[in-house]
Amino acid sequence: MLAFVRRAAIGAAFAAAALVTSAYAQNWPTQPIRWIVPYPAGGGSDVVARNVGAALEKSLGQTIVVENRPGAATIIGATAIAQAVPNGDTIGTADSGTLAYNPSLYAKLSYDPDKFTYIGGLAKLPLLLAVNINSPYKTVADVLAAAKATPGKLTVASAGSGSPHHLALELFKQRTGVDMLHVPYKGAAPAITDLLGGQVDLMFIDLAAGLPNVKAGKLRVLAAATPQRLPVLPDVPTMAEQGVADFTAYAWQGVVGPAGLPDAVVKKLSADLQKTLAQPDVAAKLQEMGVIPMPMPPAEFKAYAEQERAMWAGVIKKANIRLE
């Protein structure tokens with residue numbers, strides 16, 4: 001009898017908690033929302049979150065506070081999101097590294113990309129193969145000819161091992177069969193500085209980081225790793241146009257929450273996020289930065305992340321990249 005009473009009490013407690021959670025979700029948001037960004041303040045991901053957040057808080061009727069939790073290839077920030085209370089008061093940016101690369105790059109992670117609540121797509125940054133404006137390489141064919149003539153001699157900068165820039169290089173090597181020397185830096189800024197100075201031969205830059213120097217005539221873009229030419233750089237051919245087939249690479253990001261986020265919260269936040277990204281002023285501001293809005297509902301964003309994870313897992317395995 002006592003066991004029955006105990007079970008009944010536990011069941012009643014769970015039912016009461018569920019009702020409280022449901023009521024909270026229906027009235028959400030009732031307090032400021034914390035948006036965790038796994039990068040330092042002032043970087044591209046931070047600026048995207050702040051711009052989108054400033055517009056999004058108008059429709060949500062609550063302040064969105066961006067909290068920067070950088071370090072360890074987004075693992076610190078991702079773990080903070082995963083461990084948050086699942087009531088909608090904490091969400092965060094999760095990018096291609098968080099959701100697609102890290103599971104194959106690291107033997108152990110302090111978060112599980114499958115267990116996030118996927119809220120929606122946010123933005124993508126096309127990757128471009130670029131050289132110094134004074135480089136002798138004018139086309140991808142020029143680069144391939146040089147790489148084949150002197151295997152392992154051409155130097156290619158990246159924002160760090162396991163970064164989108166690095167993995168785009170590995171994909172390029174695998175698609176073309178050439179050997180080039182990877183030179184990892186601690187971030188895109190110092191890598192681009194050395195590319196401008198001629199200390200390295202090439203780099204896969206992301207559009208947001210590289211666009212100012214391209215517009216200033218300091219960098220020459222040989223090809224875009226996109227299916228179609230970019231409106232902002234209409235004279236730059238795609239990799240396919242340059243003879244490299246099946247080569248598409250973006251740095252991308254979306255919004256996630258901890259596991260178990262209430263459906264009512266997810267539906268409202270996802271709908272408002274998509275509407276925000278579709279606003280002409282928000283889209284224009286992102287595009288000026290070299291960022292393409294990527295509105296996606298939760299199921300589509302999760303499927304996209306899973307597809308990217310499977311594709312890049314093969315690239316990482318073939319390149320034999322492991323990080324600690």
# chains A, B, ... in the order shown; residues from 1 in each chain; ligands from 1
>>> select_by_dssp(residues="stretch 6-227 of chain A", states="strand (DSSP E or B)", output="number ranges by chain")
A: 33-37, 64-68, 90-95, 106, 117-132, 155-158, 181-184, 202-206, 219-224
>>> closest_atom_pairs(of="stretch 218-313 of chain A", to="stretch 137-160 of chain A", cutoff="12 Å", atoms="only C-alpha atoms", output="tab-separated table")
residue	atom	partner	partner_atom	distance
A:Leu219	CA	A:Lys138	CA	11.3
A:Arg220	CA	A:Lys138	CA	8.0
A:Val221	CA	A:Lys138	CA	8.7
A:Leu222	CA	A:Thr139	CA	5.4
A:Ala223	CA	A:Val140	CA	7.1
A:Ala224	CA	A:Val140	CA	10.5
A:Ala225	CA	A:Val140	CA	11.7
A:Val236	CA	A:Thr139	CA	10.2
A:Pro237	CA	A:Thr139	CA	9.6
A:Thr238	CA	A:Val140	CA	10.1
A:Met239	CA	A:Val140	CA	8.0
A:Ala240	CA	A:Val140	CA	10.4
A:Glu241	CA	A:Val140	CA	9.8
A:Gln242	CA	A:Val140	CA	6.2
A:Gly243	CA	A:Ala141	CA	8.0
A:Val244	CA	A:Val140	CA	8.6
A:Ala251	CA	A:Ala159	CA	11.9
>>> write_last_selection(atoms="N, CA and C atoms", output="short mmCIF file (atom, residue, chain, number, x, y, z; two decimals), in the first residue's frame")
data_model
loop_
_atom_site.label_atom_id
_atom_site.label_comp_id
_atom_site.auth_asym_id
_atom_site.auth_seq_id
_atom_site.Cartn_x
_atom_site.Cartn_y
_atom_site.Cartn_z
N LEU A 219 43.00 41.27 -52.43
CA LEU A 219 42.92 39.83 -52.62
C LEU A 219 42.22 39.52 -53.95
N ARG A 220 42.67 38.47 -54.60
CA ARG A 220 42.03 37.98 -55.82
C ARG A 220 41.33 36.67 -55.50
N VAL A 221 40.05 36.57 -55.79
CA VAL A 221 39.30 35.34 -55.56
C VAL A 221 39.31 34.52 -56.85
N LEU A 222 39.79 33.29 -56.76
CA LEU A 222 39.88 32.42 -57.93
C LEU A 222 38.59 31.65 -58.17
N ALA A 223 37.90 31.29 -57.10
CA ALA A 223 36.67 30.51 -57.26
C ALA A 223 35.87 30.53 -55.97
N ALA A 224 34.57 30.40 -56.12
CA ALA A 224 33.67 30.30 -54.98
C ALA A 224 33.24 28.84 -54.82
N ALA A 225 33.25 28.36 -53.58
CA ALA A 225 32.85 26.98 -53.31
C ALA A 225 31.34 26.90 -53.11
N VAL A 236 33.22 36.28 -60.20
CA VAL A 236 34.00 35.15 -59.67
C VAL A 236 33.33 33.83 -60.05
N PRO A 237 34.03 32.95 -60.77
CA PRO A 237 33.42 31.67 -61.16
C PRO A 237 33.32 30.72 -59.98
N THR A 238 32.45 29.73 -60.11
CA THR A 238 32.35 28.68 -59.10
C THR A 238 33.46 27.65 -59.32
N MET A 239 33.65 26.79 -58.35
CA MET A 239 34.62 25.71 -58.49
C MET A 239 34.26 24.81 -59.67
N ALA A 240 32.97 24.56 -59.84
CA ALA A 240 32.54 23.71 -60.96
C ALA A 240 32.92 24.34 -62.29
N GLU A 241 32.75 25.66 -62.38
CA GLU A 241 33.13 26.36 -63.61
C GLU A 241 34.64 26.31 -63.85
N GLN A 242 35.40 26.13 -62.76
CA GLN A 242 36.86 26.06 -62.87
C GLN A 242 37.35 24.61 -63.00
N GLY A 243 36.40 23.68 -63.15
CA GLY A 243 36.78 22.30 -63.41
C GLY A 243 36.83 21.39 -62.20
N VAL A 244 36.44 21.90 -61.02
CA VAL A 244 36.45 21.07 -59.81
C VAL A 244 35.00 20.72 -59.47
N ALA A 251 30.81 27.89 -44.23
CA ALA A 251 30.73 27.94 -42.77
C ALA A 251 29.30 28.35 -42.48
#
>>> closest_residue(among="A:Val183, A:Tyr118, A:Met289, A:Lys218", to="A:Gly43", atoms="only C-alpha atoms")
A:Met289
>>> select_by_dssp(residues="stretch 111-145 of chain A", states="alpha helix (DSSP H)", output="list in words")
Val140, Ala141, Asp142, Val143, Leu144 and Ala145 of chain A
>>> write_last_selection(atoms="N, CA and C atoms", output="PDB file, in the first residue's frame")
ATOM      1  N   VAL A 140      42.132  28.574 -60.961  1.00  0.00           N
ATOM      2  CA  VAL A 140      42.312  27.327 -60.228  1.00  0.00           C
ATOM      3  C   VAL A 140      43.252  26.403 -61.000  1.00  0.00           C
ATOM      4  N   ALA A 141      43.172  26.440 -62.321  1.00  0.00           N
ATOM      5  CA  ALA A 141      44.067  25.616 -63.144  1.00  0.00           C
ATOM      6  C   ALA A 141      45.524  25.978 -62.888  1.00  0.00           C
ATOM      7  N   ASP A 142      45.813  27.260 -62.693  1.00  0.00           N
ATOM      8  CA  ASP A 142      47.182  27.685 -62.371  1.00  0.00           C
ATOM      9  C   ASP A 142      47.651  27.065 -61.054  1.00  0.00           C
ATOM     10  N   VAL A 143      46.767  27.068 -60.064  1.00  0.00           N
ATOM     11  CA  VAL A 143      47.098  26.506 -58.755  1.00  0.00           C
ATOM     12  C   VAL A 143      47.353  25.004 -58.864  1.00  0.00           C
ATOM     13  N   LEU A 144      46.477  24.308 -59.574  1.00  0.00           N
ATOM     14  CA  LEU A 144      46.630  22.858 -59.715  1.00  0.00           C
ATOM     15  C   LEU A 144      47.910  22.509 -60.458  1.00  0.00           C
ATOM     16  N   ALA A 145      48.253  23.281 -61.470  1.00  0.00           N
ATOM     17  CA  ALA A 145      49.483  23.021 -62.226  1.00  0.00           C
ATOM     18  C   ALA A 145      50.703  23.189 -61.328  1.00  0.00           C
TER      19      ALA A 145
END
>>> closest_residue(among="A:Ile133, A:Ala305, A:Val48, A:Ala82", to="A:Ile292", atoms="only C-alpha atoms")
A:Val48
>>> closest_residue(among="A:Gly162, A:Pro70, A:Pro231, A:Pro258", to="A:Leu105", atoms="only C-alpha atoms")
A:Gly162
